[in-house]
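**Student:** Quick one: the structure is below, and I'll ask about it shortly.
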Amino acid sequence: MTVKEKILQYILKKKNANKDRLEEISKETTSYNEFKRQLVESNFIDEEEILLILSKELKIPFLDLKKYKVPMNNRDLLPQEAAFKYRVIPLCRMGDVLTLVTANPLDVIANDDIKIITSSEKIDLVLSREEDISKVLGTLYKTVDDITKSLDEQEESFDIEEVGENKEDLESLISESKRPPIVRALDLIVYNALKKRASDIHVEPYEDKLLVKYRIDGVLIEDFSFPKRNQAAVIARLKIISNLDITDSRLPQDGRFKVKFENREIDFRVSSLPTNFGEKFVLRVLDKESLSIGLKKLGFSARPLELFEQSIRAPFGIILVTGPTGSGKSTTLYSIINQINTPEKNIITIEEPVEYHVEGITQIQVNSEIGLTFASGLRSVLRQSPDIIMVGEIRDGETSDIAIKASLTGEIILSTLHTNSAVGAITRLRDMGTESFLLASSLVALTAQRLVRTLCPRCREKYTIEEHLIDTLGIREFCKAHGGIKEFYRAKGCSNCNQTGYKGRVAILEIISIDEHIKEMIIEERPEAEIVEYAKKHRGFNTLQEDGLIKCMEGTTSIEEVIRVTSE
């Protein structure tokens with residue numbers, strides 16, 4: 001009996017539980033964390049009970065962290081990035097054995113990675129609650145005290161006077177937010193984000209602190225925290241530099257600011273959101289110089305790149321880039337525009353919001369409050385005699401209908417769509433009410449993409465994959481198709497990559513270039529699987545996973561990273 005079944009058996013035996021709902025949760029959830037979360041949120045069982053079941057079944061001791069003080073020098077046993085990534089606390093080390101506190105003892109990948117990072121022969125585990133682990137991580141690693149050491153070389157202490165949480169004196173609050181310690185602290189948050197190549201900064205209020213996190217290579221990492229008493233001043237400072245309404249904390253707001261860093265100008269897009277414990281902020285880093293000029297700089301594999309470049313030479317039609325939020329769709333579209341942006345072309349974009357300001361093109365920002373939607377904006381743009389139109393996202397049938405008809409009258413339309421695969425865009429557009437014959441006439445190329453972390457070039461290591469893992473990972477057919485290959489690269493960890501084994505990200509891509517036969521299949525509404533099978537045989541189509549595995553062979557990324565991204 002599996003651990004999952006043991007937990008369900010315990011609930012059914014000890015609790016007055018809805019059996020049908022339990023079976024539904026069991027079928028819906030594929031990961032242990034999601035399974036546990038849904039059980040706890042549905043009030044079937046609390047987390048400690050689950051951990052005690054695991055403790056008994058797996059013979060792993062349970063530790064109440066509230067009653068145990070973790071020594072501060074334990075931080076030296078495990079790098080901060082790994083501790084926050086896998087939500088574990090280094091408890092002690094005896095020889096080559098490292099003992100970790102975790103809430104998820106079933107995460108085998110985490111244990112293997114930490115073995116490599118810490119050069120340990122064995123990982124022993126102790127169980128504890130997620131909430132308690134988060135609190136200890138926040139105190140064990142960086143706190144506001146660590147920030148002060150990096151602020152400057154002055155001897156003055158980072159001692160901020162208390163700012164009342166319900167302070168009504170606005171002038172006093174503004175004055176407090178402009179005091180040197182607050183200004184320097186915010187400057188350091190931004191500076192650290194740029195030095196660490198973060199794509200986002202999260203400033204999150206909690207009951208007892210204000211937490212700062214960085215998203216680096218797609219992974220969110222806790223960095224340090226402010227005492228709760230400083231929250232009002234920090235938030236006021238953020239609002240002032242972002243040109244937000246400092247008096248309004250009840251509604252979401254959007255703003256921007258710019259900084260100069262290493263002789264270049266970098267934009268920050270700021271979004272605020274009211275929460276139970278104050279306003280949460282997300283600062284998106286928008287570095288114009290990181291925009292690749294043309295598709296070749298994006299790191300696409302040879303065949304997808306060739307198909308993409310053929311597609312953008314089409315005289316008219318629609319090119320769709322699909323994928324979830326944060327998969328690099330906008331960067332790909334901007335790269336296409338940069339590649340084809342010449343003075344004789346009238347290029348217009350409709351975006352929400354405008355992320356990068358590009359010289360030589362007309363950019364329009366959607367504003368639904370005044371009736372400027374993607375659909376209404378697109379209608380107006382068509383009267384401006386455009387050659388190329390970029391629509392930030394096709395969200396509804398009206399936008400889809402206008403875009404399709406515009407592409408048939410001589411324009412190139414570039415846009416994004418939220419689907420999991422390239423061929424899935426056909427079904428999605430049909431669901432929006434677009435006729436199949438119009439899709440067949442207008443579509444030029446359908447693409448899907450994801451971002452995978454790239455292996456650190458200094459410490460990546462070559463290895464031969466074990467035979468049983470080839471079937472477990474589902475890559476047997478790929479290995480056969482590439483001469484029975486078994487050698488790949490994996491992450492190790494060094495000072496260059498902060499012991500993570502990864503540095504930077506690259507796109508993996510699948511692209512279906514539409515030909516006459518595929519058009520006929522679209523009109524006949526043939527199943528997606530048939531279109532994919534034909535594209536593989538006759539159009540050079542590789543799936544996202546296959547394209548990722550090619551990058552694994554080249555040493556660009558790891559199999560674990562490709563499986564993680566393509567199985568989401």
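Numbering starts fresh at 1 for the residues of each chain in the structure tokens, the chains themselves are lettered A, B, ... in the order given, and ligands are numbered from 1 as they appear.
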Among region 167-323 of chain A, which ones does DSSP assign to strand (DSSP E or B) (computed from the backbone)? Answer as a PyMOL selection string.

**Tutor:** chain A and resi 198-205+209-216+219-227+253-261+264-275+278-286+317-322

**Student:** Save the residues we just selected, C-alpha atoms, as a PDB file, in the first residue's frame?

**Tutor:**
```pdb
ATOM      1  CA  ALA A 198      16.220  38.579 -11.147  1.00  0.00           C
ATOM      2  CA  SER A 199      13.214  38.958 -13.430  1.00  0.00           C
ATOM      3  CA  ASP A 200      10.869  39.983 -10.593  1.00  0.00           C
ATOM      4  CA  ILE A 201      11.025  41.364  -7.064  1.00  0.00           C
ATOM      5  CA  HIS A 202       8.218  40.347  -4.675  1.00  0.00           C
ATOM      6  CA  VAL A 203       7.592  42.437  -1.554  1.00  0.00           C
ATOM      7  CA  GLU A 204       5.098  40.484   0.551  1.00  0.00           C
ATOM      8  CA  PRO A 205       3.537  41.528   3.881  1.00  0.00           C
ATOM      9  CA  LYS A 209       7.334  40.842   8.827  1.00  0.00           C
ATOM     10  CA  LEU A 210       7.707  42.222   5.302  1.00  0.00           C
ATOM     11  CA  LEU A 211       9.405  39.616   3.122  1.00  0.00           C
ATOM     12  CA  VAL A 212      11.469  40.271  -0.034  1.00  0.00           C
ATOM     13  CA  LYS A 213      11.803  37.545  -2.674  1.00  0.00           C
ATOM     14  CA  TYR A 214      13.592  37.428  -6.036  1.00  0.00           C
ATOM     15  CA  ARG A 215      12.564  35.349  -9.043  1.00  0.00           C
ATOM     16  CA  ILE A 216      15.827  34.105 -10.569  1.00  0.00           C
ATOM     17  CA  VAL A 219      12.461  30.152  -9.374  1.00  0.00           C
ATOM     18  CA  LEU A 220      11.215  32.343  -6.497  1.00  0.00           C
ATOM     19  CA  ILE A 221      13.811  32.652  -3.699  1.00  0.00           C
ATOM     20  CA  GLU A 222      13.317  34.329  -0.315  1.00  0.00           C
ATOM     21  CA  ASP A 223      16.096  36.826   0.283  1.00  0.00           C
ATOM     22  CA  PHE A 224      15.526  38.876   3.453  1.00  0.00           C
ATOM     23  CA  SER A 225      12.833  40.483   5.578  1.00  0.00           C
ATOM     24  CA  PHE A 226      12.035  43.829   7.202  1.00  0.00           C
ATOM     25  CA  PRO A 227      10.588  44.078  10.712  1.00  0.00           C
ATOM     26  CA  GLN A 253      -2.533  49.965  -8.621  1.00  0.00           C
ATOM     27  CA  ASP A 254       0.010  49.877 -11.444  1.00  0.00           C
ATOM     28  CA  GLY A 255       3.047  52.116 -11.889  1.00  0.00           C
ATOM     29  CA  ARG A 256       6.579  52.305 -13.277  1.00  0.00           C
ATOM     30  CA  PHE A 257       9.983  53.737 -12.479  1.00  0.00           C
ATOM     31  CA  LYS A 258      13.438  53.734 -14.080  1.00  0.00           C
ATOM     32  CA  VAL A 259      16.937  53.231 -12.740  1.00  0.00           C
ATOM     33  CA  LYS A 260      20.405  53.568 -14.234  1.00  0.00           C
ATOM     34  CA  PHE A 261      22.564  50.496 -13.797  1.00  0.00           C
ATOM     35  CA  ARG A 264      22.088  51.523 -19.085  1.00  0.00           C
ATOM     36  CA  GLU A 265      18.510  52.458 -18.288  1.00  0.00           C
ATOM     37  CA  ILE A 266      16.248  49.754 -16.855  1.00  0.00           C
ATOM     38  CA  ASP A 267      12.471  49.989 -16.441  1.00  0.00           C
ATOM     39  CA  PHE A 268      10.533  48.500 -13.535  1.00  0.00           C
ATOM     40  CA  ARG A 269       6.828  47.767 -13.876  1.00  0.00           C
ATOM     41  CA  VAL A 270       5.163  47.866 -10.464  1.00  0.00           C
ATOM     42  CA  SER A 271       1.917  46.194  -9.424  1.00  0.00           C
ATOM     43  CA  SER A 272       0.318  46.515  -5.982  1.00  0.00           C
ATOM     44  CA  LEU A 273      -2.376  44.260  -4.511  1.00  0.00           C
ATOM     45  CA  PRO A 274      -4.236  44.678  -1.178  1.00  0.00           C
ATOM     46  CA  THR A 275      -3.906  41.657   1.153  1.00  0.00           C
ATOM     47  CA  GLY A 278      -1.040  45.113   3.852  1.00  0.00           C
ATOM     48  CA  GLU A 279      -0.213  45.729   0.208  1.00  0.00           C
ATOM     49  CA  LYS A 280       1.850  43.215  -1.737  1.00  0.00           C
ATOM     50  CA  PHE A 281       4.117  44.531  -4.536  1.00  0.00           C
ATOM     51  CA  VAL A 282       5.586  42.794  -7.560  1.00  0.00           C
ATOM     52  CA  LEU A 283       8.279  44.684  -9.488  1.00  0.00           C
ATOM     53  CA  ARG A 284       8.924  43.294 -12.984  1.00  0.00           C
ATOM     54  CA  VAL A 285      12.428  44.045 -14.295  1.00  0.00           C
ATOM     55  CA  LEU A 286      12.329  45.213 -17.923  1.00  0.00           C
ATOM     56  CA  GLY A 317      -1.474  35.595 -42.116  1.00  0.00           C
ATOM     57  CA  ILE A 318      -1.336  34.867 -38.395  1.00  0.00           C
ATOM     58  CA  ILE A 319       1.629  33.586 -36.379  1.00  0.00           C
ATOM     59  CA  LEU A 320       0.672  32.453 -32.874  1.00  0.00           C
ATOM     60  CA  VAL A 321       3.029  31.910 -29.940  1.00  0.00           C
ATOM     61  CA  THR A 322       1.410  29.852 -27.174  1.00  0.00           C
TER      62      THR A 322
END
```

**Student:** Please provide the set of residues having any atom within 10 Å of region 460-477 of chain A, restricted to only C-alpha atoms, with same-chain residues fewer than 2 positions apart removed, written as a PyMOL selection string.

**Tutor:** chain A and resi 454-458+479-482+484-494+501-502+545-546+549+553+555-560+563

**Student:** Can you list, as a short mmCIF file (atom, residue, chain, number, x, y, z; two decimals) with C-alpha atoms, in the first residue's frame, every protein, DNA or RNA residue that comes within 6 Å of region 509-515 of chain A when you count only C-alpha atoms, leaving out same-chain residues fewer than 3 positions away?

**Tutor:**
```cif
data_model
loop_
_atom_site.label_atom_id
_atom_site.label_comp_id
_atom_site.auth_asym_id
_atom_site.auth_seq_id
_atom_site.Cartn_x
_atom_site.Cartn_y
_atom_site.Cartn_z
CA VAL A 444 0.85 30.57 -41.07
CA ALA A 445 2.52 28.98 -38.03
CA LEU A 446 1.58 27.72 -34.59
CA THR A 447 4.25 27.60 -31.90
CA ALA A 448 4.48 26.67 -28.24
CA GLN A 449 7.39 27.43 -25.97
CA ILE A 518 -2.63 20.75 -42.78
CA ASN A 542 9.55 18.19 -32.78
CA THR A 543 7.54 18.31 -29.55
CA LEU A 544 8.60 20.59 -26.71
#
```

**Student:** Which residues of region 239-316 of chain A have any atom within 12 Å of an atom in region 393-411 of chain A when counting only C-alpha atoms, and what is the closest pair of atoms for each, with the distance in Å to one decimal? Order the rows by chain and rising number and write it as a tab-separated table.

**Tutor:**
```
residue	atom	partner	partner_atom	distance
A:Ile312	CA	A:Glu411	CA	11.7
A:Ala314	CA	A:Glu411	CA	9.9
A:Pro315	CA	A:Gly410	CA	7.0
A:Phe316	CA	A:Glu411	CA	5.0
```

**Student:** Could those selected residues go to a file with all heavy atoms, as a tab-separated table (two decimals), in the first residue's frame?

**Tutor:**
```
chain	number	residue	atom	x	y	z
A	312	ILE	N	7.92	33.98	-40.79
A	312	ILE	CA	7.81	35.45	-40.69
A	312	ILE	C	8.07	36.13	-42.04
A	312	ILE	O	7.88	37.34	-42.16
A	312	ILE	CB	8.75	36.02	-39.61
A	312	ILE	CG1	10.22	35.78	-39.95
A	312	ILE	CG2	8.39	35.48	-38.25
A	312	ILE	CD1	11.18	36.40	-38.94
A	314	ALA	N	6.27	35.25	-44.60
A	314	ALA	CA	4.99	35.15	-45.30
A	314	ALA	C	4.42	36.55	-45.56
A	314	ALA	O	4.59	37.45	-44.74
A	314	ALA	CB	4.00	34.33	-44.48
A	315	PRO	N	3.71	36.75	-46.69
A	315	PRO	CA	3.19	38.08	-47.02
A	315	PRO	C	2.00	38.50	-46.14
A	315	PRO	O	1.76	39.68	-45.94
A	315	PRO	CB	2.75	37.94	-48.48
A	315	PRO	CG	2.49	36.46	-48.66
A	315	PRO	CD	3.47	35.77	-47.76
A	316	PHE	N	1.25	37.52	-45.63
A	316	PHE	CA	0.12	37.83	-44.74
A	316	PHE	C	-0.21	36.57	-43.94
A	316	PHE	O	0.28	35.48	-44.23
A	316	PHE	CB	-1.10	38.30	-45.53
A	316	PHE	CG	-1.65	37.26	-46.47
A	316	PHE	CD1	-2.59	36.34	-46.06
A	316	PHE	CD2	-1.20	37.19	-47.79
A	316	PHE	CE1	-3.08	35.36	-46.93
A	316	PHE	CE2	-1.68	36.23	-48.66
A	316	PHE	CZ	-2.63	35.32	-48.23
```

**Student:** I need the residues of region 278-434 of chain A that end up classed as helix (DSSP H, G or I) by DSSP on the backbone, written out as a PyMOL selection string.

**Tutor:** chain A and resi 288-290+295-298+302-311+329-340+368-370+374-384+397-408+424-431

**Student:** Neighbours of Arg505 (chain A) within 8 Å (only C-alpha atoms; same-chain residues fewer than 3 positions away dropped), as a list of chain:residue names?

**Tutor:** A:Asp217, A:Leu451, A:Val452, A:Arg453, A:Thr454

**Student:** Any chance you could export the current selection's N, CA, C and O atoms as a PDB file, in the first residue's frame?

**Tutor:**
```pdb
ATOM      1  N   ASP A 217      15.887  32.965 -12.695  1.00  0.00           N
ATOM      2  CA  ASP A 217      15.776  31.821 -13.614  1.00  0.00           C
ATOM      3  C   ASP A 217      14.467  31.076 -13.404  1.00  0.00           C
ATOM      4  O   ASP A 217      14.405  29.843 -13.432  1.00  0.00           O
ATOM      5  N   LEU A 451      10.407  27.990 -20.998  1.00  0.00           N
ATOM      6  CA  LEU A 451      11.764  28.393 -20.626  1.00  0.00           C
ATOM      7  C   LEU A 451      12.346  27.357 -19.680  1.00  0.00           C
ATOM      8  O   LEU A 451      11.713  26.992 -18.680  1.00  0.00           O
ATOM      9  N   VAL A 452      13.536  26.872 -20.012  1.00  0.00           N
ATOM     10  CA  VAL A 452      14.246  25.940 -19.122  1.00  0.00           C
ATOM     11  C   VAL A 452      15.519  26.607 -18.623  1.00  0.00           C
ATOM     12  O   VAL A 452      16.115  27.430 -19.315  1.00  0.00           O
ATOM     13  N   ARG A 453      15.926  26.255 -17.419  1.00  0.00           N
ATOM     14  CA  ARG A 453      17.167  26.798 -16.870  1.00  0.00           C
ATOM     15  C   ARG A 453      18.363  26.160 -17.582  1.00  0.00           C
ATOM     16  O   ARG A 453      18.349  24.961 -17.871  1.00  0.00           O
ATOM     17  N   THR A 454      19.361  26.973 -17.866  1.00  0.00           N
ATOM     18  CA  THR A 454      20.557  26.449 -18.534  1.00  0.00           C
ATOM     19  C   THR A 454      21.593  26.029 -17.499  1.00  0.00           C
ATOM     20  O   THR A 454      21.762  26.673 -16.463  1.00  0.00           O
TER      21      THR A 454
END
```

**Student:** Given only C-alpha atoms as the basis, pick out the residue of A:Asp96, A:Glu130, A:Glu561, A:Asp20 nearest to Ile50 (chain A).

**Tutor:**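 Going through A:Asp96, A:Glu130, A:Glu561, A:Asp20 one by one, the smallest distance to Ile50 (chain A) is for A:Glu130.
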
**Student:** Select from region 34-108 of chain A every residue with an atom at most 9 Å from any atom of region 2-19 of chain A, then for each give the shortest pair of atoms and their distance in Å to one decimal, using only C-alpha atoms, rows by chain and rising number, as a Markdown table.

**Tutor:**
```
| residue | atom | partner | partner_atom | distance |
| --- | --- | --- | --- | --- |
| A:Phe35 | CA | A:Lys4 | CA | 8.4 |
| A:Phe44 | CA | A:Ala17 | CA | 6.7 |
| A:Ile45 | CA | A:Ile11 | CA | 7.0 |
| A:Ile50 | CA | A:Ile7 | CA | 6.9 |
| A:Ile53 | CA | A:Ile7 | CA | 6.9 |
| A:Leu54 | CA | A:Val3 | CA | 7.2 |
| A:Glu57 | CA | A:Val3 | CA | 7.4 |
| A:Leu58 | CA | A:Val3 | CA | 8.6 |
```

**Student:** Between A:Asp245, A:Glu309, A:Glu41, A:Glu131, which residue has the minimum interatomic distance to Leu295 (chain A), considering only C-alpha atoms?

**Tutor:**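 Among the listed residues, A:Glu309 lies closest to Leu295 (chain A).
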
**Student:** Would you mind listing what lies within 7 Å of region 522-528 of chain A as a list in words, with only C-alpha atoms counted and same-chain residues fewer than 5 positions away left out?

**Tutor:** Val423, Ser436, Phe437 and Ala440 of chain A

**Student:** Can those selected residues be exported to a file as a compact mmCIF listing (two decimals), in the first residue's frame so that it contains N, CA, C and O atoms?

**Tutor:**
```txt
# COMPACT_ATOMS: atom_id res chain seq x y z
N VAL A 423 -0.51 22.79 -31.48
CA VAL A 423 -1.72 22.37 -32.19
C VAL A 423 -2.98 22.69 -31.38
O VAL A 423 -4.07 22.85 -31.93
N SER A 436 -13.63 26.98 -39.04
CA SER A 436 -12.44 26.20 -39.43
C SER A 436 -11.86 26.67 -40.76
O SER A 436 -10.64 26.70 -40.93
N PHE A 437 -12.73 27.04 -41.72
CA PHE A 437 -12.21 27.46 -43.03
C PHE A 437 -11.45 28.77 -42.93
O PHE A 437 -10.48 29.02 -43.67
N ALA A 440 -7.99 27.87 -41.46
CA ALA A 440 -7.13 27.26 -42.48
C ALA A 440 -6.57 28.32 -43.42
O ALA A 440 -5.42 28.22 -43.87
```

**Student:** Excluding Ser134 (chain A) and its own-chain neighbours fewer than 4 positions away, which residues fall within 12 Å of it when counting only C-alpha atoms? Please give them as an mmCIF file with N, CA, C and O atoms, in the first residue's frame.

**Tutor:**
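Output saved as around_13.cif:
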```
data_model
loop_
_atom_site.group_PDB
_atom_site.id
_atom_site.type_symbol
_atom_site.label_atom_id
_atom_site.label_comp_id
_atom_site.auth_asym_id
_atom_site.auth_seq_id
_atom_site.Cartn_x
_atom_site.Cartn_y
_atom_site.Cartn_z
ATOM 1 N N LEU A 65 9.527 22.175 15.518
ATOM 2 C CA LEU A 65 10.510 23.269 15.432
ATOM 3 C C LEU A 65 10.202 24.413 16.394
ATOM 4 O O LEU A 65 11.091 25.210 16.718
ATOM 5 N N LYS A 66 8.958 24.498 16.845
ATOM 6 C CA LYS A 66 8.614 25.558 17.789
ATOM 7 C C LYS A 66 9.333 25.360 19.129
ATOM 8 O O LYS A 66 9.521 26.305 19.886
ATOM 9 N N ALA A 83 18.263 25.853 0.183
ATOM 10 C CA ALA A 83 17.369 25.746 1.339
ATOM 11 C C ALA A 83 15.979 26.269 1.016
ATOM 12 O O ALA A 83 14.965 25.634 1.336
ATOM 13 N N PHE A 84 15.923 27.440 0.348
ATOM 14 C CA PHE A 84 14.626 28.023 0.016
ATOM 15 C C PHE A 84 13.959 27.296 -1.149
ATOM 16 O O PHE A 84 12.745 27.154 -1.188
ATOM 17 N N LYS A 85 14.739 26.862 -2.117
ATOM 18 C CA LYS A 85 14.181 26.162 -3.271
ATOM 19 C C LYS A 85 13.453 24.892 -2.836
ATOM 20 O O LYS A 85 12.347 24.603 -3.282
ATOM 21 N N TYR A 86 14.102 24.102 -1.952
ATOM 22 C CA TYR A 86 13.523 22.819 -1.557
ATOM 23 C C TYR A 86 12.817 22.876 -0.207
ATOM 24 O O TYR A 86 12.310 21.863 0.268
ATOM 25 N N ARG A 87 12.770 24.062 0.418
ATOM 26 C CA ARG A 87 12.085 24.271 1.687
ATOM 27 C C ARG A 87 12.580 23.296 2.745
ATOM 28 O O ARG A 87 11.814 22.544 3.359
ATOM 29 N N VAL A 88 13.889 23.274 2.957
ATOM 30 C CA VAL A 88 14.501 22.396 3.958
ATOM 31 C C VAL A 88 15.426 23.204 4.864
ATOM 32 O O VAL A 88 15.922 24.261 4.474
ATOM 33 N N ILE A 89 15.651 22.669 6.064
ATOM 34 C CA ILE A 89 16.540 23.315 7.025
ATOM 35 C C ILE A 89 17.675 22.349 7.359
ATOM 36 O O ILE A 89 17.412 21.191 7.708
ATOM 37 N N VAL A 101 15.649 19.041 7.841
ATOM 38 C CA VAL A 101 14.251 19.096 8.262
ATOM 39 C C VAL A 101 13.414 19.414 7.029
ATOM 40 O O VAL A 101 13.699 20.371 6.304
ATOM 41 N N THR A 102 12.380 18.621 6.775
ATOM 42 C CA THR A 102 11.554 18.808 5.581
ATOM 43 C C THR A 102 10.091 18.527 5.896
ATOM 44 O O THR A 102 9.783 17.845 6.885
ATOM 45 N N ALA A 103 9.206 19.057 5.050
ATOM 46 C CA ALA A 103 7.783 18.726 5.149
ATOM 47 C C ALA A 103 7.387 17.777 4.023
ATOM 48 O O ALA A 103 6.243 17.326 3.959
ATOM 49 N N SER A 128 8.851 18.092 9.785
ATOM 50 C CA SER A 128 8.272 19.193 10.549
ATOM 51 C C SER A 128 7.266 19.921 9.676
ATOM 52 O O SER A 128 7.220 19.716 8.455
ATOM 53 N N ARG A 129 6.468 20.792 10.294
ATOM 54 C CA ARG A 129 5.412 21.508 9.578
ATOM 55 C C ARG A 129 5.984 22.556 8.627
ATOM 56 O O ARG A 129 6.979 23.206 8.937
ATOM 57 N N GLU A 130 5.302 22.747 7.480
ATOM 58 C CA GLU A 130 5.729 23.726 6.464
ATOM 59 C C GLU A 130 5.840 25.121 7.051
ATOM 60 O O GLU A 130 6.803 25.843 6.804
ATOM 61 N N GLY A 138 13.365 31.999 7.433
ATOM 62 C CA GLY A 138 13.408 33.460 7.431
ATOM 63 C C GLY A 138 14.384 34.038 8.438
ATOM 64 O O GLY A 138 14.941 35.114 8.232
ATOM 65 N N THR A 139 14.589 33.327 9.549
ATOM 66 C CA THR A 139 15.525 33.825 10.567
ATOM 67 C C THR A 139 16.936 33.252 10.387
ATOM 68 O O THR A 139 17.917 33.914 10.696
ATOM 69 N N LEU A 140 17.005 32.019 9.879
ATOM 70 C CA LEU A 140 18.308 31.371 9.742
ATOM 71 C C LEU A 140 19.174 32.030 8.678
ATOM 72 O O LEU A 140 20.370 32.205 8.847
ATOM 73 N N TYR A 141 18.523 32.425 7.572
ATOM 74 C CA TYR A 141 19.270 33.041 6.481
ATOM 75 C C TYR A 141 19.080 34.562 6.532
ATOM 76 O O TYR A 141 18.851 35.107 7.588
ATOM 77 N N TYR A 206 3.493 39.984 5.747
ATOM 78 C CA TYR A 206 2.968 38.908 6.579
ATOM 79 C C TYR A 206 2.609 39.475 7.945
ATOM 80 O O TYR A 206 2.805 40.654 8.213
ATOM 81 N N LEU A 211 8.446 40.529 3.744
ATOM 82 C CA LEU A 211 9.405 39.616 3.122
ATOM 83 C C LEU A 211 9.741 40.056 1.697
ATOM 84 O O LEU A 211 8.860 40.465 0.941
ATOM 85 N N ILE A 221 12.903 32.910 -4.824
ATOM 86 C CA ILE A 221 13.811 32.652 -3.699
ATOM 87 C C ILE A 221 13.646 33.751 -2.654
ATOM 88 O O ILE A 221 13.733 34.943 -2.960
ATOM 89 N N GLU A 222 13.395 33.354 -1.405
ATOM 90 C CA GLU A 222 13.317 34.329 -0.315
ATOM 91 C C GLU A 222 14.710 34.889 -0.065
ATOM 92 O O GLU A 222 15.683 34.144 -0.021
#
```

**Student:** In Å, rounded to a single decimal, give me how far CA of Leu137 (chain A) is from CA of Asn104 (chain A).

**Tutor:** 15.4 Å

**Student:** CA of Thr29 (chain A) to CA of Ile60 (chain A): how many Å, to one decimal?

**Tutor:**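 Answer for the CA of Thr29 (chain A) to CA of Ile60 (chain A) separation: 23.9 Å.
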